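Structure, as structure tokens:
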Protein chains: 2
Amino acid sequence: MQPSVAERRPQSFDRVLSSMCTEPHPAARRAAERFLAANPGDPATYETIAALEEDTVAALAEITGLADAVGGEGAGGHADGADRGDDGPAAHGYVTSGGTESNIQAVRSARERADTDDPVVVAPESAHFSFHKAASVLGVDLRTVTTDGDGRADVDAVAAALDDDAALVVAVAGSTEYGRVDPVPALADLAVDAGVPLHVDAAWGGFHLPFSGHEWGFEVDGVDTVTIDPHKVGRAAVPAGGLLARDPAALDALAVDTPYLETASQASLTGTRSGAGVASAAAAADALWPDGYRAEYERASGLAEWVADELRDRGLRVVDPELPLVAFDLPSATFEALRERGWRLSRTGAGEARVVVMPHVTRASLSSFLDDVDDLL
Amino acid sequence: MQPSVAERRPQSFDRVLSSMCTEPHPAARRAAERFLAANPGDPATYETIAALEEDTVAALAEITGLADAVGGEGAGGHADGADRGDDGPAAHGYVTSGGTESNIQAVRSARERADTDDPVVVAPESAHFSFHKAASVLGVDLRTVTTDGDGRADVDAVAAALDDDAALVVAVAGSTEYGRVDPVPALADLAVDAGVPLHVDAAWGGFHLPFSGHEWGFEVDGVDTVTIDPHKVGRAAVPAGGLLARDPAALDALAVDTPYLETASQASLTGTRSGAGVASAAAAADALWPDGYRAEYERASGLAEWVADELRDRGLRVVDPELPLVAFDLPSATFEALRERGWRLSRTGAGEARVVVMPHVTRASLSSFLDDVDDLL
């Protein structure tokens with residue numbers, strides 16, 4: 001007989017190496033539990049969570065360089081357009097349900113602002129599958145271009161793909177398969193020259209990149225929108241994604257009128273939204289930005305280098321990690337046997353095994369994993 | 001100085017009369033807290049929550065009449081298409097982020113299956129604003145038709161709006177403004193005759209309607225998809241919506257390939273999804289279906305009738321409640337003064353005040369509200 005709902009427990013994270021989700025920070029968990037029943041989608045009813053969303057967006061604006069780019073004041077804001085008077089803060093972002101929503105919304109905003117009937121999104125083939133979903137949902141063409149052989153967007157290929165129908169260029173800052181960071185400044189130059197916005201998908205990478213030395217955020221001219229997910233490396237509870245925009249007009253393009261809410265419009269893709277996600281994102285940023293996130297970047301990067309070396313020592317081909325994500329060749333039978341031992345591993349499109357060094361992944365768990373690899377190879 | 005995140009608390013629900021969200025059931029809250037860090041969007045990594053999603057879909061299939069319509073077996077299933085072999089359960093639904101996602105997805109599925117280049121969605125003007133959002137996102141035309149004077153879809157007006165481009169008819173079963181239930185069987189007949197699917201939006205009403213005597217769900221031939229939100233009257237934690245489909249092909253039309261997940265495709269609009277929402281929906285249904293939901297329907301309906309009578313006794317015009325939602329005329333100054341006293345009230349498009357008798361709304365809180373009305377009128 002099946003156990004009852006009350007008896008069932010989630011898996012431990014001890015053997016989860018495939019996921020870009022993780023255990024929330026303890027302060028984030030407490031905040032999520034407090035705000036489980038608040039709806040940031042209805043800010044006139046749930047005022048405290050609406051204020052916490054402004055805090056979260058303000059923190060994300062610092063992390064992505066938006067606060068510096070537009071001035072520290074005014075970066076706060078949320079998906080409710082009603083407070084956007086001359087007196088209120090400009091709304092430069094909102095807390096989404098995750099990277100997929102953020103990417104769909106970035107494409108949607110570009111579509112709305114494009115001066116063509118057949119808008120095309122130009123993205124490297126390394127872009128997350130949510131861009132395929134966005135294209136399908138939104139009825140735009142996704143033109144994917146080859147990468148440079150090391151998993152980063154090929155700038156010349158992107159340039160060649162731009163034409164009068166181009167409505168958006170996508171750059172990936174921390175790719176899902178290899179953790180690669182595209183050359184954002186070069187792509188931004190292309191986008192500016194072509195007169196189209198550049199969207200940076202830093203859903204996973206965004207909380208590492210302030211410390212890695214990359215140029216990736218709003219400090220780069222031409223970056224129009226950024227996806228950054230608190231519920232990944234930001235250690236918020238699911239669901240907490242982020243969409244940030246340099247120009248409030250990018251969000252205004254998404255607004256739909258809202259009768260029977262005491263606010264005039266709504267820019268989010270979903271309606272009711274998670275108070276747990278918003279409150280936990282605010283709490284995590286409050287606890288961890290910047291020192292805690294920096295420490296995690298350094299810890300995870302060190303572990304990624306270490307496990308990459310260990311795998312190489314075993315004669316396996318390893319893709320050099322750029323951010324804390326290690327892809328490596330593993331015989332298919334070994335992969336399956338590791339999964340049977342409870343390791344949660346996944347594969348790249350090319351078939352490599354992926355280990356994402358998330359906050360819950362420790363040296364102890366990776367040592368145990370390597371022991372099992374040794375046992376099975 | 002602002003209080004810290006850790007010091008901030010959500011509003012009490014004591015004075016929340018405007019929201020269709022509510023306090024989760026205690027068992028749902030406990031389940032949400034346990035599964036805060038699980039992602040049903042990645043079922044090969046998070047297997048327990050994937051199983052709980054199947055339980056939730058099976059419960060929603062019973063509540064909406066789908067289990068009876070297609071046979072009790074096979075109604076379970078989730079948004080991951082990979083388990084849909086000959087051996088696995090047919091996937092008839094999944095847990096969405098809420099009614100807006102469910103409605104967008106129903107429209108998207110109809111668009112994908114329509115035999116026209118200019119798909120039109122025909123909906124009563126009482127349809128939720130998420131259908132306007134869906135039309136904007138998906139690039140379909142929304143053709144809204146007048147209601148019958150009492151807030152229900154006018155069947156003749158819907159018939160007149162159907163043409164060769166019609167891709168979907170929408171029926172509302174529990175409207176957001178007045179709690180009205182459209183004549184679903186008559187609309188289904190029209191839809192069947194026109195060869196288009198019928199979508200029933202029971203986001204709010206769905207947990208009341210099994211007890212109200214209406215014909216509204218899959219027991220009505222021609223009903224193709226249903227929106228029903230556990231995080232409203234179902235007493236799950238946000239975010240937990242539901243999309244149910246009679247024919248798995250309706251969900252297959254939404255599937256997008258998923259590289260680097262150990263499952264082949266994903267039909268949900270979002271990517272990462274909330275384990276808290278899914279687990280709490282399963283726990284709430286386990287605790288409350290059917291007796292607890294029936295008791296809540298009876299309690300809330302009785303309260304709605306009572307407060308409607310009380311308001312009429314004060315000389316106010318009241319819209320007769322059909323489900324537990326009371327709209328009534330209130331001078332604008334009184335409305336504003338009540339909001340200043342902390343009452344969370346909202347208005348219909350026509351300007352009436354709305355009281356939604358949710359599980360957290362008690363006779364005591366409504367008495368206190370009436371005292372304040374007396375004081376201010």
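Residue numbers start at 1 in each chain; chains themselves are named A, B, ... in the order of the structure tokens; ligands are numbered from 1 in the order shown.
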(message) Can you work out which residues from chain B touch chain A at a cut-off of 6 Å (counting only C-alpha atoms) and hand them back as an NGL selection string?
(response) :B and (5 or 10 or 23 or 37 or 45 or 48 or 100-101 or 137-138 or 238-239 or 259-260 or 262 or 270-271 or 274 or 283 or 344 or 346-349)
(request) Within stretch 38-190 of chain A, find each residue whose DSSP state, derived from the backbone, is alpha helix (DSSP H), and express the selection as a VMD selection string. (result) chain A and resid 47 to 63 66 to 70 99 to 113 130 to 138 155 to 161 184 to 190
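Across the structure, atom CA of A:Ser212 and atom CA of A:Leu330 are spaced 28.2 Å apart.
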(request) Please provide as a PyMOL selection string all residues within 12 Å of A:Asp115, with the sequence filter that same-chain residues fewer than 2 positions apart are discarded (counting only C-alpha atoms). (result) chain A and resi 110-113+117-120+164-168+195-196
(request) Write out as a ChimeraX atom specification which residues come within 10 Å of A:Phe218 when counting only C-alpha atoms, dropping same-chain ones fewer than 5 positions away. (result) /A:61-70,200,223-226,244-246
Writer output for current selection, all heavy atoms, as a short mmCIF file (atom, residue, chain, number, x, y, z; two decimals), in the first residue's frame:
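Once written, result14.cif looks like this:
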```
data_model
loop_
_atom_site.label_atom_id
_atom_site.label_comp_id
_atom_site.auth_asym_id
_atom_site.auth_seq_id
_atom_site.Cartn_x
_atom_site.Cartn_y
_atom_site.Cartn_z
N ALA A 61 18.59 44.25 -8.62
CA ALA A 61 19.11 45.37 -9.40
C ALA A 61 20.56 45.66 -9.03
O ALA A 61 21.38 46.03 -9.88
CB ALA A 61 18.24 46.61 -9.20
N GLU A 62 20.89 45.48 -7.76
CA GLU A 62 22.31 45.64 -7.38
C GLU A 62 23.16 44.52 -7.97
O GLU A 62 24.24 44.75 -8.51
CB GLU A 62 22.45 45.62 -5.86
CG GLU A 62 21.98 46.88 -5.18
CD GLU A 62 22.36 46.88 -3.70
OE1 GLU A 62 23.43 46.33 -3.34
OE2 GLU A 62 21.58 47.40 -2.90
N ILE A 63 22.66 43.31 -7.87
CA ILE A 63 23.44 42.14 -8.28
C ILE A 63 23.71 42.16 -9.79
O ILE A 63 24.78 41.76 -10.25
CB ILE A 63 22.69 40.85 -7.84
CG1 ILE A 63 22.66 40.78 -6.30
CG2 ILE A 63 23.32 39.61 -8.44
CD1 ILE A 63 21.71 39.74 -5.73
N THR A 64 22.73 42.63 -10.56
CA THR A 64 22.86 42.64 -12.01
C THR A 64 23.49 43.92 -12.55
O THR A 64 23.60 44.08 -13.77
CB THR A 64 21.48 42.47 -12.69
OG1 THR A 64 20.63 43.55 -12.24
CG2 THR A 64 20.85 41.14 -12.32
N GLY A 65 23.84 44.85 -11.67
CA GLY A 65 24.42 46.10 -12.12
C GLY A 65 23.41 47.14 -12.57
O GLY A 65 23.77 48.21 -13.05
N LEU A 66 22.13 46.82 -12.40
CA LEU A 66 21.10 47.77 -12.85
C LEU A 66 21.06 49.01 -11.96
O LEU A 66 20.86 50.13 -12.45
CB LEU A 66 19.74 47.07 -12.87
CG LEU A 66 18.55 47.90 -13.33
CD1 LEU A 66 18.74 48.39 -14.76
CD2 LEU A 66 17.25 47.10 -13.22
N ALA A 67 21.24 48.80 -10.66
CA ALA A 67 21.16 49.93 -9.74
C ALA A 67 22.21 50.98 -10.11
O ALA A 67 21.92 52.18 -10.16
CB ALA A 67 21.35 49.45 -8.31
N ASP A 68 23.42 50.53 -10.40
CA ASP A 68 24.46 51.47 -10.81
C ASP A 68 24.15 52.08 -12.17
O ASP A 68 24.43 53.26 -12.42
CB ASP A 68 25.83 50.76 -10.91
CG ASP A 68 26.44 50.56 -9.53
OD1 ASP A 68 26.00 51.23 -8.57
OD2 ASP A 68 27.37 49.72 -9.42
N ALA A 69 23.59 51.28 -13.05
CA ALA A 69 23.36 51.76 -14.42
C ALA A 69 22.28 52.83 -14.49
O ALA A 69 22.37 53.76 -15.30
CB ALA A 69 23.00 50.59 -15.33
N VAL A 70 21.25 52.70 -13.65
CA VAL A 70 20.15 53.67 -13.72
C VAL A 70 20.11 54.57 -12.50
O VAL A 70 19.24 55.43 -12.39
CB VAL A 70 18.77 52.97 -13.89
CG1 VAL A 70 18.77 52.10 -15.13
CG2 VAL A 70 18.39 52.18 -12.65
N VAL A 200 19.96 38.94 -21.52
CA VAL A 200 20.97 38.05 -20.94
C VAL A 200 20.26 37.05 -20.02
O VAL A 200 19.58 37.44 -19.07
CB VAL A 200 22.01 38.86 -20.13
CG1 VAL A 200 22.99 37.92 -19.44
CG2 VAL A 200 22.75 39.83 -21.05
N VAL A 223 22.59 45.96 -22.93
CA VAL A 223 21.84 44.91 -22.22
C VAL A 223 20.50 45.52 -21.80
O VAL A 223 20.46 46.49 -21.05
CB VAL A 223 22.62 44.38 -21.00
CG1 VAL A 223 21.74 43.46 -20.17
CG2 VAL A 223 23.87 43.65 -21.47
N ASP A 224 19.44 44.93 -22.29
CA ASP A 224 18.10 45.49 -22.10
C ASP A 224 17.36 44.80 -20.96
O ASP A 224 16.72 45.45 -20.14
CB ASP A 224 17.33 45.30 -23.41
CG ASP A 224 15.91 45.83 -23.37
OD1 ASP A 224 15.76 47.04 -23.15
OD2 ASP A 224 14.97 45.04 -23.54
N THR A 225 17.44 43.47 -20.92
CA THR A 225 16.75 42.69 -19.89
C THR A 225 17.67 41.57 -19.41
O THR A 225 18.52 41.10 -20.15
CB THR A 225 15.44 42.07 -20.42
OG1 THR A 225 15.70 41.44 -21.68
CG2 THR A 225 14.35 43.11 -20.60
N VAL A 226 17.45 41.15 -18.16
CA VAL A 226 18.25 40.07 -17.58
C VAL A 226 17.33 39.12 -16.81
O VAL A 226 16.45 39.56 -16.07
CB VAL A 226 19.34 40.63 -16.63
CG1 VAL A 226 20.01 39.50 -15.83
CG2 VAL A 226 20.40 41.41 -17.40
N LEU A 244 14.63 41.51 -14.87
CA LEU A 244 15.04 42.90 -14.68
C LEU A 244 15.11 43.58 -16.03
O LEU A 244 15.49 42.95 -17.02
CB LEU A 244 16.42 42.97 -14.03
CG LEU A 244 16.59 42.73 -12.53
CD1 LEU A 244 16.01 43.91 -11.75
CD2 LEU A 244 15.95 41.44 -12.05
N ALA A 245 14.76 44.86 -16.06
CA ALA A 245 14.77 45.61 -17.31
C ALA A 245 15.40 46.97 -17.09
O ALA A 245 15.13 47.64 -16.10
CB ALA A 245 13.35 45.78 -17.85
N ARG A 246 16.25 47.35 -18.03
CA ARG A 246 16.88 48.66 -17.91
C ARG A 246 15.82 49.77 -18.02
O ARG A 246 15.85 50.74 -17.28
CB ARG A 246 17.92 48.84 -19.03
CG ARG A 246 18.73 50.13 -18.92
CD ARG A 246 19.64 50.31 -20.14
NE ARG A 246 20.63 49.28 -20.29
CZ ARG A 246 21.86 49.33 -19.76
NH1 ARG A 246 22.24 50.37 -19.05
NH2 ARG A 246 22.70 48.33 -19.96
#
```
(message) At a cut-off of 8 Å, using only C-alpha atoms, what residues contact stretch 143-159 of chain B? Leave out same-chain residues fewer than 6 positions from it and give the result as a list in words.
(response)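 Non-adjacent residues within range: Val120, Val121, Val122, Ala123, Pro124, Glu125, Ser126, Ala171, Val172, Tyr178, Arg180, Val181, Asp182, Pro183, Ala186, Leu187 and Leu190 of chain B.
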For those residues, write N, CA, C and O atoms to a file as a short mmCIF file (atom, residue, chain, number, x, y, z; two decimals), in the first residue's frame.
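Ended up saving to selection.cif:
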```cif
data_model
loop_
_atom_site.label_atom_id
_atom_site.label_comp_id
_atom_site.auth_asym_id
_atom_site.auth_seq_id
_atom_site.Cartn_x
_atom_site.Cartn_y
_atom_site.Cartn_z
N VAL B 120 -9.76 32.26 -33.18
CA VAL B 120 -10.56 33.16 -32.36
C VAL B 120 -11.06 32.39 -31.14
O VAL B 120 -11.51 31.25 -31.26
N VAL B 121 -10.94 33.01 -29.98
CA VAL B 121 -11.50 32.47 -28.75
C VAL B 121 -12.78 33.24 -28.45
O VAL B 121 -12.75 34.48 -28.38
N VAL B 122 -13.86 32.52 -28.28
CA VAL B 122 -15.15 33.15 -27.97
C VAL B 122 -15.42 32.97 -26.49
O VAL B 122 -15.45 31.84 -25.99
N ALA B 123 -15.57 34.07 -25.78
CA ALA B 123 -15.75 34.02 -24.33
C ALA B 123 -16.76 35.07 -23.89
O ALA B 123 -16.85 36.13 -24.50
N PRO B 124 -17.49 34.78 -22.84
CA PRO B 124 -18.38 35.81 -22.30
C PRO B 124 -17.55 36.95 -21.70
O PRO B 124 -16.41 36.73 -21.28
N GLU B 125 -18.12 38.12 -21.67
CA GLU B 125 -17.36 39.27 -21.13
C GLU B 125 -17.05 39.09 -19.65
O GLU B 125 -16.20 39.79 -19.11
N SER B 126 -17.70 38.13 -19.02
CA SER B 126 -17.43 37.82 -17.61
C SER B 126 -16.16 37.00 -17.43
O SER B 126 -15.75 36.74 -16.29
N ALA B 171 -16.34 28.78 -21.15
CA ALA B 171 -17.43 28.92 -20.19
C ALA B 171 -16.83 29.21 -18.82
O ALA B 171 -15.76 28.69 -18.48
N VAL B 172 -17.50 30.04 -18.05
CA VAL B 172 -17.02 30.41 -16.72
C VAL B 172 -17.91 29.71 -15.69
O VAL B 172 -19.13 29.85 -15.74
N TYR B 178 -18.86 38.00 -9.93
CA TYR B 178 -20.16 37.73 -9.32
C TYR B 178 -20.36 36.27 -8.90
O TYR B 178 -21.42 35.91 -8.39
N ARG B 180 -20.84 33.78 -10.86
CA ARG B 180 -21.87 33.21 -11.72
C ARG B 180 -21.36 31.99 -12.47
O ARG B 180 -20.19 31.92 -12.86
N VAL B 181 -22.28 31.05 -12.70
CA VAL B 181 -21.95 29.82 -13.43
C VAL B 181 -22.68 29.85 -14.77
O VAL B 181 -23.92 29.93 -14.82
N ASP B 182 -21.91 29.80 -15.85
CA ASP B 182 -22.50 29.81 -17.18
C ASP B 182 -23.27 28.52 -17.46
O ASP B 182 -23.00 27.48 -16.83
N PRO B 183 -24.20 28.55 -18.41
CA PRO B 183 -24.92 27.33 -18.79
C PRO B 183 -24.01 26.41 -19.61
O PRO B 183 -24.03 26.41 -20.84
N ALA B 186 -25.43 23.94 -22.44
CA ALA B 186 -25.86 24.61 -23.68
C ALA B 186 -24.65 25.10 -24.47
O ALA B 186 -24.61 25.00 -25.71
N LEU B 187 -23.65 25.62 -23.77
CA LEU B 187 -22.44 26.07 -24.47
C LEU B 187 -21.68 24.89 -25.06
O LEU B 187 -21.10 24.99 -26.15
N LEU B 190 -23.29 23.90 -28.30
CA LEU B 190 -22.85 24.82 -29.37
C LEU B 190 -21.45 24.47 -29.85
O LEU B 190 -21.18 24.44 -31.06
#
```
(request) Mind the document's chain letters and residue numbers, and return as number ranges by chain the residues of stretch 189-269 of chain A that DSSP labels strand (DSSP E or B). (result) A: 198-201, 223-227, 241-245, 256-257, 265-266
